[in-house]
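For reference, target34.csv (CSV, C-alpha atoms and all ligand atoms):
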```csv
chain,number,residue,atom,x,y,z
A,1,MET,CA,29.5,-10.7,7.9
A,2,LYS,CA,28.5,-8.7,4.8
A,3,ASN,CA,25.3,-6.8,4.3
A,4,ARG,CA,23.9,-5.4,1.1
A,5,ARG,CA,21.7,-2.3,1.3
A,6,ILE,CA,20.2,0.3,-1.0
A,7,LEU,CA,20.7,3.9,-0.2
A,8,LEU,CA,19.0,7.0,-1.5
A,9,VAL,CA,21.8,9.0,-3.1
A,10,SER,CA,19.9,11.9,-4.9
A,11,ARG,CA,16.4,13.3,-4.9
A,12,PRO,CA,14.2,13.0,-7.9
A,13,GLU,CA,12.6,15.9,-9.8
A,14,GLY,CA,9.4,14.4,-11.1
A,15,ALA,CA,9.6,10.7,-11.7
A,16,PRO,CA,12.5,8.9,-9.9
A,17,THR,CA,15.1,6.9,-11.7
A,18,GLU,CA,17.5,4.1,-10.8
A,19,ALA,CA,20.2,6.7,-10.5
A,20,ASN,CA,18.5,8.0,-7.3
A,21,PHE,CA,19.6,4.8,-5.6
A,22,ARG,CA,22.9,3.0,-4.9
A,23,LEU,CA,23.5,-0.6,-3.8
A,24,GLU,CA,26.4,-0.9,-1.4
A,25,GLU,CA,28.0,-3.7,0.5
A,26,THR,CA,29.1,-3.1,4.1
A,27,GLU,CA,30.2,-5.0,7.2
A,28,MET,CA,27.2,-6.1,9.3
A,29,ALA,CA,27.3,-5.1,13.0
A,30,ARG,CA,26.4,-7.7,15.6
A,31,PRO,CA,23.5,-7.1,17.9
A,32,ALA,CA,24.2,-5.2,21.1
A,33,ASP,CA,22.3,-5.8,24.4
A,34,GLY,CA,18.5,-5.3,23.7
A,35,GLN,CA,19.0,-5.8,19.9
A,36,PHE,CA,18.5,-8.7,17.5
A,37,LEU,CA,19.7,-9.4,13.9
A,38,VAL,CA,17.1,-10.1,11.2
A,39,ARG,CA,17.7,-11.8,7.8
A,40,ASN,CA,15.1,-10.2,5.6
A,41,HIS,CA,13.2,-12.6,3.4
A,42,TRP,CA,10.7,-10.3,1.8
A,43,LEU,CA,10.8,-6.6,1.2
A,44,SER,CA,7.6,-4.5,0.6
A,45,LEU,CA,7.6,-1.8,-2.0
A,46,ASP,CA,4.9,0.8,-1.4
A,47,PRO,CA,3.9,4.1,-3.0
A,48,TYR,CA,4.5,6.1,0.2
A,49,MET,CA,8.3,5.5,-0.4
A,50,ARG,CA,8.1,8.0,-3.3
A,51,GLY,CA,7.2,10.7,-0.7
A,52,ARG,CA,10.1,9.7,1.5
A,53,MET,CA,12.5,10.6,-1.4
A,54,ASP,CA,11.6,14.3,-1.2
A,55,ALA,CA,12.9,16.6,1.5
A,56,ALA,CA,9.4,17.9,2.1
A,57,LYS,CA,7.3,18.3,5.2
A,58,SER,CA,4.8,15.4,5.5
A,59,TYR,CA,3.3,13.0,8.1
A,60,ALA,CA,6.6,11.1,8.4
A,61,LYS,CA,10.3,12.1,8.2
A,62,TYR,CA,11.9,11.8,4.7
A,63,VAL,CA,15.0,9.6,4.0
A,64,GLU,CA,18.3,11.6,4.2
A,65,LEU,CA,20.7,11.3,1.3
A,66,GLY,CA,23.1,8.4,2.0
A,67,GLU,CA,20.6,6.7,4.3
A,68,VAL,CA,19.1,3.2,3.7
A,69,MET,CA,15.7,3.4,1.9
A,70,THR,CA,12.9,3.0,4.4
A,71,GLY,CA,10.6,0.0,4.0
A,72,GLY,CA,8.7,-2.8,5.7
A,73,ALA,CA,10.1,-6.3,5.5
A,74,VAL,CA,9.5,-9.8,6.9
A,75,GLY,CA,12.5,-11.8,8.0
A,76,GLU,CA,13.9,-14.4,10.4
A,77,VAL,CA,15.7,-13.5,13.7
A,78,ILE,CA,19.1,-15.1,13.3
A,79,GLU,CA,20.8,-13.8,16.5
A,80,SER,CA,19.2,-12.2,19.5
A,81,ARG,CA,20.3,-10.3,22.6
A,82,HIS,CA,16.7,-9.2,23.2
A,83,PRO,CA,14.6,-11.0,25.8
A,84,GLY,CA,11.4,-10.8,23.7
A,85,PHE,CA,12.8,-12.2,20.4
A,86,LYS,CA,14.4,-15.6,19.8
A,87,ALA,CA,16.5,-16.9,16.9
A,88,GLY,CA,14.3,-18.7,14.5
A,89,GLU,CA,11.2,-16.5,15.0
A,90,PHE,CA,9.8,-14.6,12.0
A,91,VAL,CA,9.1,-10.9,12.3
A,92,ASN,CA,7.7,-7.9,10.4
A,93,GLY,CA,9.1,-4.5,10.9
A,94,ALA,CA,10.6,-1.4,9.2
A,95,PHE,CA,13.8,-3.1,8.4
A,96,GLY,CA,14.6,-1.1,5.3
A,97,TRP,CA,15.9,-2.0,1.8
A,98,GLN,CA,18.7,-4.4,2.9
A,99,ASP,CA,19.5,-8.1,3.3
A,100,TYR,CA,20.1,-7.8,7.1
A,101,ALA,CA,18.8,-5.4,9.8
A,102,LEU,CA,19.4,-4.8,13.4
A,103,ALA,CA,16.3,-4.1,15.5
A,104,ASP,CA,15.4,-3.3,19.1
A,105,GLY,CA,11.8,-4.5,18.9
A,106,THR,CA,10.2,-1.1,18.3
A,107,GLY,CA,7.3,-1.5,15.9
A,108,VAL,CA,8.2,-5.2,15.3
A,109,ARG,CA,5.4,-7.8,15.0
A,110,LYS,CA,5.9,-11.6,15.1
A,111,VAL,CA,4.4,-13.4,12.2
A,112,ASP,CA,3.4,-17.0,11.7
A,113,GLY,CA,4.4,-18.6,8.4
A,114,SER,CA,2.3,-21.7,9.1
A,115,LYS,CA,-0.9,-19.6,8.9
A,116,ALA,CA,-0.2,-17.7,5.7
A,117,PRO,CA,2.7,-17.2,3.3
A,118,LEU,CA,5.3,-14.8,4.9
A,119,SER,CA,4.9,-12.2,2.2
A,120,TYR,CA,1.2,-11.9,3.0
A,121,TYR,CA,2.2,-10.0,6.2
A,122,LEU,CA,3.4,-7.2,3.9
A,123,GLY,CA,0.1,-7.0,2.1
A,124,VAL,CA,-3.4,-8.3,2.9
A,125,LEU,CA,-2.4,-9.4,6.4
A,126,GLY,CA,-0.3,-6.2,7.0
A,127,MET,CA,-0.2,-2.5,6.5
A,128,PRO,CA,-2.1,-2.4,3.1
A,129,GLY,CA,-4.8,-4.7,4.3
A,130,VAL,CA,-5.3,-2.7,7.5
A,131,THR,CA,-5.4,0.5,5.4
A,132,ALA,CA,-8.2,-1.0,3.3
A,133,TRP,CA,-10.2,-2.1,6.4
A,134,MET,CA,-9.7,1.2,8.2
A,135,GLY,CA,-10.4,3.5,5.3
A,136,LEU,CA,-13.5,1.7,4.3
A,137,LEU,CA,-15.1,0.4,7.5
A,138,ASP,CA,-14.0,3.0,10.1
A,139,ILE,CA,-14.0,6.1,7.9
A,140,ALA,CA,-16.4,5.7,5.0
A,141,GLN,CA,-18.8,3.2,6.8
A,142,PRO,CA,-20.7,1.9,3.7
A,143,LYS,CA,-24.2,0.5,4.1
A,144,PRO,CA,-25.5,-2.5,2.3
A,145,GLY,CA,-26.8,-1.6,-1.2
A,146,GLU,CA,-24.6,1.5,-1.5
A,147,THR,CA,-22.3,2.0,-4.4
A,148,VAL,CA,-18.6,2.0,-3.5
A,149,VAL,CA,-16.0,3.1,-6.0
A,150,VAL,CA,-12.3,2.2,-5.4
A,151,SER,CA,-9.4,3.3,-7.6
A,152,ALA,CA,-6.2,1.3,-8.1
A,153,ALA,CA,-8.6,-1.6,-7.7
A,154,SER,CA,-6.3,-4.5,-8.6
A,155,GLY,CA,-3.5,-3.2,-6.2
A,156,ALA,CA,-2.5,-4.1,-2.7
A,157,VAL,CA,-5.0,-1.8,-0.9
A,158,GLY,CA,-7.6,-1.4,-3.6
A,159,SER,CA,-8.1,-5.2,-4.2
A,160,VAL,CA,-8.9,-5.6,-0.5
A,161,VAL,CA,-11.2,-2.6,-0.4
A,162,GLY,CA,-13.4,-3.9,-3.3
A,163,GLN,CA,-13.7,-7.3,-1.7
A,164,ILE,CA,-14.6,-5.9,1.7
A,165,ALA,CA,-17.3,-3.8,0.0
A,166,LYS,CA,-18.8,-6.9,-1.5
A,167,ILE,CA,-18.6,-8.8,1.9
A,168,LYS,CA,-20.6,-5.8,3.3
A,169,GLY,CA,-23.3,-6.1,0.7
A,170,CYS,CA,-22.4,-3.1,-1.4
A,171,ARG,CA,-22.3,-2.6,-5.2
A,172,ALA,CA,-18.5,-2.4,-5.7
A,173,VAL,CA,-17.0,-0.6,-8.7
A,174,GLY,CA,-13.2,-0.7,-9.4
A,175,ILE,CA,-11.1,1.6,-11.5
A,176,ALA,CA,-7.9,0.1,-12.8
A,177,GLY,CA,-5.4,0.6,-15.6
A,178,GLY,CA,-6.0,-1.7,-18.6
A,179,ALA,CA,-8.3,-4.4,-19.7
A,180,GLU,CA,-6.4,-7.3,-18.1
A,181,LYS,CA,-6.5,-5.7,-14.6
A,182,CYS,CA,-10.2,-4.9,-15.1
A,183,ARG,CA,-11.0,-8.5,-16.1
A,184,TYR,CA,-9.2,-9.6,-12.9
A,185,VAL,CA,-11.2,-7.1,-10.7
A,186,THR,CA,-14.6,-8.4,-11.9
A,187,GLY,CA,-13.8,-12.0,-12.8
A,188,GLU,CA,-11.4,-13.0,-9.9
A,189,LEU,CA,-12.2,-10.5,-7.2
A,190,GLY,CA,-15.9,-10.4,-7.9
A,191,LEU,CA,-16.5,-6.7,-8.1
A,192,ASP,CA,-19.7,-5.7,-10.0
A,193,ALA,CA,-17.9,-3.5,-12.6
A,194,CYS,CA,-14.5,-2.1,-13.4
A,195,VAL,CA,-13.6,1.0,-15.4
A,196,ASP,CA,-10.3,1.1,-17.3
A,197,HIS,CA,-9.0,4.6,-16.6
A,198,ARG,CA,-6.5,4.3,-19.5
A,199,ALA,CA,-9.3,3.8,-22.1
A,200,GLY,CA,-10.1,7.5,-22.4
A,201,ARG,CA,-13.8,7.4,-21.5
A,202,LEU,CA,-13.6,7.8,-17.8
A,203,ASP,CA,-16.7,10.0,-17.2
A,204,ALA,CA,-19.0,7.9,-19.4
A,205,ASP,CA,-17.7,4.5,-18.3
A,206,LEU,CA,-17.9,5.4,-14.6
A,207,GLN,CA,-21.5,6.7,-15.0
A,208,ALA,CA,-22.4,3.4,-16.7
A,209,ALA,CA,-20.8,1.4,-13.9
A,210,ALA,CA,-22.5,3.4,-11.2
A,211,PRO,CA,-26.1,4.0,-12.6
A,212,LYS,CA,-27.5,5.0,-9.2
A,213,GLY,CA,-24.6,7.4,-8.5
A,214,ILE,CA,-21.7,6.9,-6.0
A,215,ASP,CA,-22.1,6.8,-2.2
A,216,VAL,CA,-18.5,6.0,-1.2
A,217,VAL,CA,-15.2,6.7,-2.9
A,218,PHE,CA,-12.1,5.0,-1.6
A,219,GLU,CA,-9.5,7.2,-3.4
A,220,ASN,CA,-6.0,5.8,-4.0
A,221,VAL,CA,-5.2,7.8,-7.2
A,222,GLY,CA,-6.5,11.4,-7.3
A,223,GLY,CA,-6.3,13.6,-10.3
A,224,PRO,CA,-8.7,13.0,-13.2
A,225,VAL,CA,-10.0,9.8,-11.5
A,226,LEU,CA,-11.2,11.8,-8.5
A,227,ASP,CA,-12.6,14.5,-10.7
A,228,ALA,CA,-14.7,11.9,-12.5
A,229,ALA,CA,-16.0,10.4,-9.2
A,230,LEU,CA,-16.9,13.8,-7.7
A,231,ARG,CA,-19.3,14.4,-10.7
A,232,LEU,CA,-21.4,11.3,-9.8
A,233,MET,CA,-21.6,11.6,-6.0
A,234,ASN,CA,-24.9,11.1,-4.2
A,235,PRO,CA,-26.0,13.4,-1.4
A,236,PHE,CA,-24.2,12.7,1.9
A,237,GLY,CA,-21.6,10.6,0.2
A,238,ARG,CA,-18.2,9.9,1.8
A,239,ILE,CA,-14.8,10.2,0.1
A,240,THR,CA,-11.9,8.5,1.9
A,241,ILE,CA,-8.6,10.0,0.7
A,242,CYS,CA,-6.2,7.1,1.2
A,243,GLY,CA,-3.7,8.0,-1.5
A,244,LEU,CA,-3.1,10.3,-4.5
A,245,ILE,CA,-0.6,8.3,-6.5
A,246,SER,CA,-1.2,10.1,-9.8
A,247,GLN,CA,0.3,13.2,-8.1
A,248,TYR,CA,3.3,11.7,-6.4
A,249,ASN,CA,5.7,12.5,-9.3
A,250,ALA,CA,3.9,15.7,-10.3
A,251,THR,CA,5.9,18.9,-10.3
A,252,GLU,CA,2.8,21.1,-10.5
A,253,SER,CA,-0.4,20.4,-8.5
A,254,HIS,CA,-3.4,19.1,-10.4
A,255,GLY,CA,-6.2,21.7,-10.5
A,256,MET,CA,-9.1,19.8,-9.0
A,257,ARG,CA,-12.4,19.8,-10.9
A,258,ASN,CA,-16.0,19.3,-9.7
A,259,PHE,CA,-15.2,20.3,-6.1
A,260,ARG,CA,-18.5,22.0,-6.0
A,261,SER,CA,-20.0,18.5,-5.5
A,262,VAL,CA,-18.7,18.6,-2.0
A,263,LEU,CA,-21.0,21.5,-1.2
A,264,THR,CA,-24.1,20.6,-3.2
A,265,ASN,CA,-24.0,16.9,-2.1
A,266,ARG,CA,-22.9,17.7,1.5
A,267,LEU,CA,-20.0,15.2,1.2
A,268,ARG,CA,-17.7,14.2,3.9
A,269,VAL,CA,-14.1,14.0,2.6
A,270,GLN,CA,-11.5,12.6,5.0
A,271,GLY,CA,-7.8,11.8,4.6
A,272,PHE,CA,-6.2,9.3,6.9
A,273,ILE,CA,-2.9,7.5,7.6
A,274,VAL,CA,-3.1,3.9,8.7
A,275,ASN,CA,-0.8,4.4,11.7
A,276,ASP,CA,-3.1,7.1,13.1
A,277,ARG,CA,-5.3,4.5,14.8
A,278,MET,CA,-3.0,1.7,16.0
A,279,GLU,CA,-5.7,0.5,18.4
A,280,LEU,CA,-7.8,-0.7,15.3
A,281,TRP,CA,-5.1,-2.9,13.9
A,282,PRO,CA,-5.9,-6.1,16.0
A,283,ARG,CA,-9.6,-6.0,14.9
A,284,ALA,CA,-8.7,-5.3,11.3
A,285,LEU,CA,-6.1,-8.1,11.2
A,286,ALA,CA,-8.5,-10.6,12.8
A,287,ASP,CA,-11.1,-9.8,10.2
A,288,LEU,CA,-8.6,-10.0,7.3
A,289,GLY,CA,-7.1,-13.2,8.6
A,290,GLN,CA,-10.6,-14.8,8.8
A,291,TRP,CA,-11.6,-13.6,5.3
A,292,VAL,CA,-8.4,-14.9,3.7
A,293,ALA,CA,-8.8,-18.2,5.5
A,294,ASP,CA,-12.4,-18.5,4.4
A,295,GLY,CA,-11.4,-17.7,0.7
A,296,LYS,CA,-13.6,-14.5,0.8
A,297,ILE,CA,-10.6,-12.3,0.1
A,298,LYS,CA,-8.4,-13.3,-2.9
A,299,TYR,CA,-4.9,-11.9,-3.1
A,300,ARG,CA,-2.3,-11.5,-5.8
A,301,GLU,CA,1.4,-10.5,-5.8
A,302,SER,CA,4.0,-9.2,-8.2
A,303,VAL,CA,7.3,-10.7,-7.1
A,304,ALA,CA,10.7,-9.2,-8.0
A,305,HIS,CA,13.8,-11.3,-7.1
A,306,GLY,CA,16.9,-10.0,-5.3
A,307,LEU,CA,17.6,-6.7,-3.5
A,308,GLU,CA,19.5,-5.4,-6.5
A,309,ASN,CA,16.1,-5.4,-8.5
A,310,ALA,CA,14.2,-3.4,-5.8
A,311,PRO,CA,14.7,0.0,-7.4
A,312,ARG,CA,13.5,-1.2,-10.9
A,313,ALA,CA,10.4,-2.9,-9.3
A,314,PHE,CA,9.6,0.2,-7.3
A,315,LEU,CA,9.8,2.5,-10.4
A,316,GLY,CA,7.6,0.0,-12.2
A,317,MET,CA,5.0,0.0,-9.5
A,318,LEU,CA,4.7,3.8,-9.7
A,319,ARG,CA,4.0,3.4,-13.4
A,320,GLY,CA,1.3,0.7,-12.7
A,321,GLU,CA,3.5,-2.3,-13.9
A,322,ASN,CA,2.7,-4.3,-10.7
A,323,PHE,CA,-0.3,-6.5,-10.8
A,324,GLY,CA,-1.3,-6.9,-7.1
A,325,LYS,CA,1.0,-6.3,-4.1
A,326,GLN,CA,4.6,-5.6,-5.1
A,327,VAL,CA,7.2,-7.4,-3.1
A,328,VAL,CA,10.8,-8.4,-3.5
A,329,LYS,CA,12.0,-11.9,-2.6
A,330,LEU,CA,15.4,-11.5,-0.9
A,331,THR,CA,16.4,-15.1,-0.1
B,401,LIG,N1,-3.2,6.5,3.9
B,401,LIG,C1,-2.5,5.4,4.2
B,401,LIG,O1,-2.2,5.1,5.3
B,401,LIG,C2,-2.0,4.5,3.0
B,401,LIG,C3,-1.4,3.3,3.3
B,401,LIG,C4,-1.1,2.4,2.2
B,401,LIG,C5,-1.2,2.9,0.9
B,401,LIG,N2,-1.8,4.1,0.7
B,401,LIG,C6,-2.0,4.6,-0.6
B,401,LIG,O2,-2.8,3.7,-1.3
B,401,LIG,C7,-2.6,3.8,-2.7
B,401,LIG,C8,-2.5,2.4,-3.2
B,401,LIG,O3,-1.3,1.8,-2.6
B,401,LIG,P1,-0.9,0.3,-2.9
B,401,LIG,O4,0.2,-0.1,-2.0
B,401,LIG,O5,-2.1,-0.5,-2.9
B,401,LIG,O6,-0.3,0.3,-4.4
B,401,LIG,P2,-0.9,-0.5,-5.7
B,401,LIG,O7,-2.3,-0.1,-5.9
B,401,LIG,O8,-0.6,-1.9,-5.5
B,401,LIG,O9,0.1,0.0,-6.8
B,401,LIG,C9,0.0,1.3,-7.3
B,401,LIG,C10,-1.0,1.4,-8.4
B,401,LIG,O10,-1.3,2.8,-8.6
B,401,LIG,C11,-1.9,2.9,-9.9
B,401,LIG,N3,-1.4,4.2,-10.5
B,401,LIG,C12,-0.2,4.6,-10.6
B,401,LIG,N4,-0.2,5.8,-11.3
B,401,LIG,C13,-1.4,6.1,-11.6
B,401,LIG,C14,-2.1,7.2,-12.3
B,401,LIG,N5,-1.4,8.2,-12.8
B,401,LIG,N6,-3.4,7.1,-12.5
B,401,LIG,C15,-4.1,6.1,-12.0
B,401,LIG,N7,-3.6,5.0,-11.3
B,401,LIG,C16,-2.2,5.0,-11.1
B,401,LIG,C17,-1.4,1.7,-10.7
B,401,LIG,O11,-2.5,0.9,-10.9
B,401,LIG,P3,-3.3,0.9,-12.3
B,401,LIG,O12,-2.5,0.1,-13.3
B,401,LIG,O13,-4.6,0.2,-12.0
B,401,LIG,O14,-3.5,2.3,-12.8
B,401,LIG,C18,-0.5,1.0,-9.8
B,401,LIG,O15,-0.4,-0.4,-10.0
B,401,LIG,C19,-1.4,4.7,-2.9
B,401,LIG,O16,-1.9,6.0,-3.2
B,401,LIG,C20,-0.8,4.7,-1.5
B,401,LIG,O17,0.0,5.9,-1.3
B,401,LIG,C21,-2.1,4.9,1.8
```
Turn this file's structure into structure tokens for me.
Amino acid sequence: MKNRRILLVSRPEGAPTEANFRLEETEMARPADGQFLVRNHWLSLDPYMRGRMDAAKSYAKYVELGEVMTGGAVGEVIESRHPGFKAGEFVNGAFGWQDYALADGTGVRKVDGSKAPLSYYLGVLGMPGVTAWMGLLDIAQPKPGETVVVSAASGAVGSVVGQIAKIKGCRAVGIAGGAEKCRYVTGELGLDACVDHRAGRLDADLQAAAPKGIDVVFENVGGPVLDAALRLMNPFGRITICGLISQYNATESHGMRNFRSVLTNRLRVQGFIVNDRMELWPRALADLGQWVADGKIKYRESVAHGLENAPRAFLGMLRGENFGKQVVKLT
């Protein structure tokens, strides 16, 4: 049986290119005792993968040259020699950028395609959704009436953050790239305002969107977007550092501005990684599942087709070409 997989073959300097990846075809091994074979149906593309391309110290091990690119996927168990998994079951795990994967059950979750489309388990009902829930509700803890600002507001994490802020009775302000994404953030997702960070008036537009100042920032982007938010913080505000995507391709670090606001406003600034608190996942997934079922959280995807198009879609996502959660349909 043949498998197709995408390897990391060189490390980027600055922005990655398609030349950093190679598609290869190999023989697929059969499951040994305690293993099962998964046919991947959907592959998730996420900003953290950019970090895994660099041989740098981080919270997780980078991908070695010649290794399959790391990534979450949802697929069907097609052959099993594992007592906990049967052929025909659908599962979510770190199966990598490939058509088939062998797994031993570590970190694998069963998913139910009758409750939600399978791809949702890579987004709103998976890691990005839990990230939004954890960073907002566990770390920032917004109170009703407070102003919450979220960057990359139309994306996988940001779109969920903004809608949870509304569910919790906050004024929710999104920051997104372009008029179309901003229209979606206010019109479809129901946030109170959205600032287009590409329009060139970030400071003035954010001030107009947050007339009472900002109590909570859910930061996905960093750079000038975070500088602008810091200027408008209210005393005892909270800043959750979830991601800094504007910096992932940077070869020089961005000199942060307005940091003094942390002192003068007695801010709490906290970074987090969603896997730090696995004990919170069941509660987060229960809430998210309910909100999606009730229509309180709307969700959008950008779908690329075929494993061979994963690198192009990934590079596009880093440039903001995705509109909603970026996934690849593999079957
Ligand atoms: N801490 C954790 O455990 C954790 C877990 C998951 C994700 N994250 C982080 O959360 C953030 C969002 O991830 P996601 O999966 O939801 O991705 P996403 O928002 O669906 O896609 C990435 C978006 O980032 C925006 N972007 C890219 N370059 C930018 C720039 N220079 N300035 C401003 N915006 C830029 C683009 O949106 P616009 O077109 O709107 O600019 C792009 O669509 C990322 O930083 C990611 O690393 C962290």
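Atom CA of Ser302 of chain A is positioned 20.0 Å from atom CA of Leu288 of chain A.
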For this session: Mind checking which residues fall within 8 Å of segment 123-129 of chain A, counting only C-alpha atoms, ignoring those fewer than 2 positions away in the same chain, and posting them as a VMD selection string?
Result: chain A and resid 119 to 121 131 to 133 156 to 157 160 274 285 288 to 289 299 325
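Among A:Lys110, A:Lys181, A:Arg231, A:Lys298, the residue with the shortest atom-to-atom distance to Leu202 of chain A, counting all atoms listed in the file, is A:Arg231.
Each of A:Thr106, A:Ser253, A:Asn220, A:Thr331 was compared to ligand LIG 401 (chain B) using all atoms listed in the file, and A:Asn220 turns out to be the nearest.
Between atom CA of Val9 of chain A and atom CA of Phe21 of chain A the separation is 5.4 Å.
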For this session: Would you mind listing what lies within 12 Å of Val161 of chain A as number ranges by chain, with all atoms listed in the file counted and same-chain residues fewer than 5 positions away left out?
Result: A: 124, 128-137, 140-142, 148-156, 166-168, 170, 172-175, 185, 189-191, 216-220, 240, 242, 288, 297-299
Long-range neighbours of Asp203 of chain A as an mmCIF file with C-alpha atoms, keeping the file's coordinate frame, 12 Å cut-off, all atoms listed in the file, 5 positions minimum in chain:
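Saved the output as result_9.cif:
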```cif
data_model
loop_
_atom_site.group_PDB
_atom_site.id
_atom_site.type_symbol
_atom_site.label_atom_id
_atom_site.label_comp_id
_atom_site.auth_asym_id
_atom_site.auth_seq_id
_atom_site.Cartn_x
_atom_site.Cartn_y
_atom_site.Cartn_z
ATOM 1 C CA ILE A 175 -11.100 1.600 -11.500
ATOM 2 C CA VAL A 195 -13.600 1.000 -15.400
ATOM 3 C CA ASP A 196 -10.300 1.100 -17.300
ATOM 4 C CA HIS A 197 -9.000 4.600 -16.600
ATOM 5 C CA ARG A 198 -6.500 4.300 -19.500
ATOM 6 C CA ALA A 208 -22.400 3.400 -16.700
ATOM 7 C CA ALA A 209 -20.800 1.400 -13.900
ATOM 8 C CA ALA A 210 -22.500 3.400 -11.200
ATOM 9 C CA PRO A 224 -8.700 13.000 -13.200
ATOM 10 C CA VAL A 225 -10.000 9.800 -11.500
ATOM 11 C CA LEU A 226 -11.200 11.800 -8.500
ATOM 12 C CA ASP A 227 -12.600 14.500 -10.700
ATOM 13 C CA ALA A 228 -14.700 11.900 -12.500
ATOM 14 C CA ALA A 229 -16.000 10.400 -9.200
ATOM 15 C CA LEU A 230 -16.900 13.800 -7.700
ATOM 16 C CA ARG A 231 -19.300 14.400 -10.700
ATOM 17 C CA LEU A 232 -21.400 11.300 -9.800
ATOM 18 C CA ASN A 258 -16.000 19.300 -9.700
#
```
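The residue that comes closest to Asn322 of chain A, out of A:Gly243, A:Pro211, A:Pro47, A:Gly93 and on the basis of all atoms listed in the file, is A:Pro47.
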For this session: Tell me, in Å to one decimal, how far atom CA of Lys329 of chain A is from atom O15 of ligand LIG 401 (chain B).
Result: 18.5 Å
Can I get segment 22-27 of chain A with all heavy atoms filled in, as a short mmCIF file (atom, residue, chain, number, x, y, z; two decimals), in the frame of the given file?
```cif
data_model
loop_
_atom_site.label_atom_id
_atom_site.label_comp_id
_atom_site.auth_asym_id
_atom_site.auth_seq_id
_atom_site.Cartn_x
_atom_site.Cartn_y
_atom_site.Cartn_z
N ARG A 22 21.61 3.69 -4.76
CA ARG A 22 22.90 3.00 -4.90
C ARG A 22 22.92 1.75 -4.04
O ARG A 22 22.55 1.82 -2.86
CB ARG A 22 24.07 3.88 -4.61
CG ARG A 22 25.39 3.25 -5.09
CD ARG A 22 26.60 4.14 -4.87
NE ARG A 22 26.92 4.25 -3.46
CZ ARG A 22 27.13 5.39 -2.82
NH1 ARG A 22 27.05 6.54 -3.48
NH2 ARG A 22 27.42 5.41 -1.54
N LEU A 23 23.35 0.64 -4.62
CA LEU A 23 23.50 -0.60 -3.80
C LEU A 23 24.92 -0.60 -3.28
O LEU A 23 25.89 -0.37 -4.03
CB LEU A 23 23.31 -1.80 -4.76
CG LEU A 23 23.53 -3.18 -4.16
CD1 LEU A 23 22.43 -3.54 -3.19
CD2 LEU A 23 23.62 -4.23 -5.26
N GLU A 24 25.08 -0.83 -1.99
CA GLU A 24 26.40 -0.90 -1.40
C GLU A 24 26.54 -2.14 -0.51
O GLU A 24 25.55 -2.63 0.02
CB GLU A 24 26.82 0.35 -0.69
CG GLU A 24 26.13 0.54 0.63
CD GLU A 24 26.77 1.60 1.51
OE1 GLU A 24 27.47 2.50 1.01
OE2 GLU A 24 26.57 1.52 2.74
N GLU A 25 27.79 -2.60 -0.38
CA GLU A 25 28.00 -3.70 0.50
C GLU A 25 28.83 -3.20 1.70
O GLU A 25 29.79 -2.44 1.52
CB GLU A 25 28.85 -4.80 -0.23
CG GLU A 25 28.82 -6.12 0.48
CD GLU A 25 29.43 -7.22 -0.38
OE1 GLU A 25 28.68 -7.85 -1.16
OE2 GLU A 25 30.64 -7.44 -0.26
N THR A 26 28.42 -3.58 2.91
CA THR A 26 29.10 -3.10 4.10
C THR A 26 29.30 -4.29 5.07
O THR A 26 28.70 -5.35 4.89
CB THR A 26 28.30 -2.05 4.89
OG1 THR A 26 27.01 -2.59 5.15
CG2 THR A 26 28.19 -0.75 4.13
N GLU A 27 30.07 -4.06 6.11
CA GLU A 27 30.20 -5.00 7.20
C GLU A 27 28.89 -4.94 8.03
O GLU A 27 28.41 -3.84 8.30
CB GLU A 27 31.36 -4.70 8.11
CG GLU A 27 32.72 -5.10 7.55
CD GLU A 27 32.82 -6.59 7.27
OE1 GLU A 27 32.35 -7.40 8.10
OE2 GLU A 27 33.36 -6.94 6.20
#
```
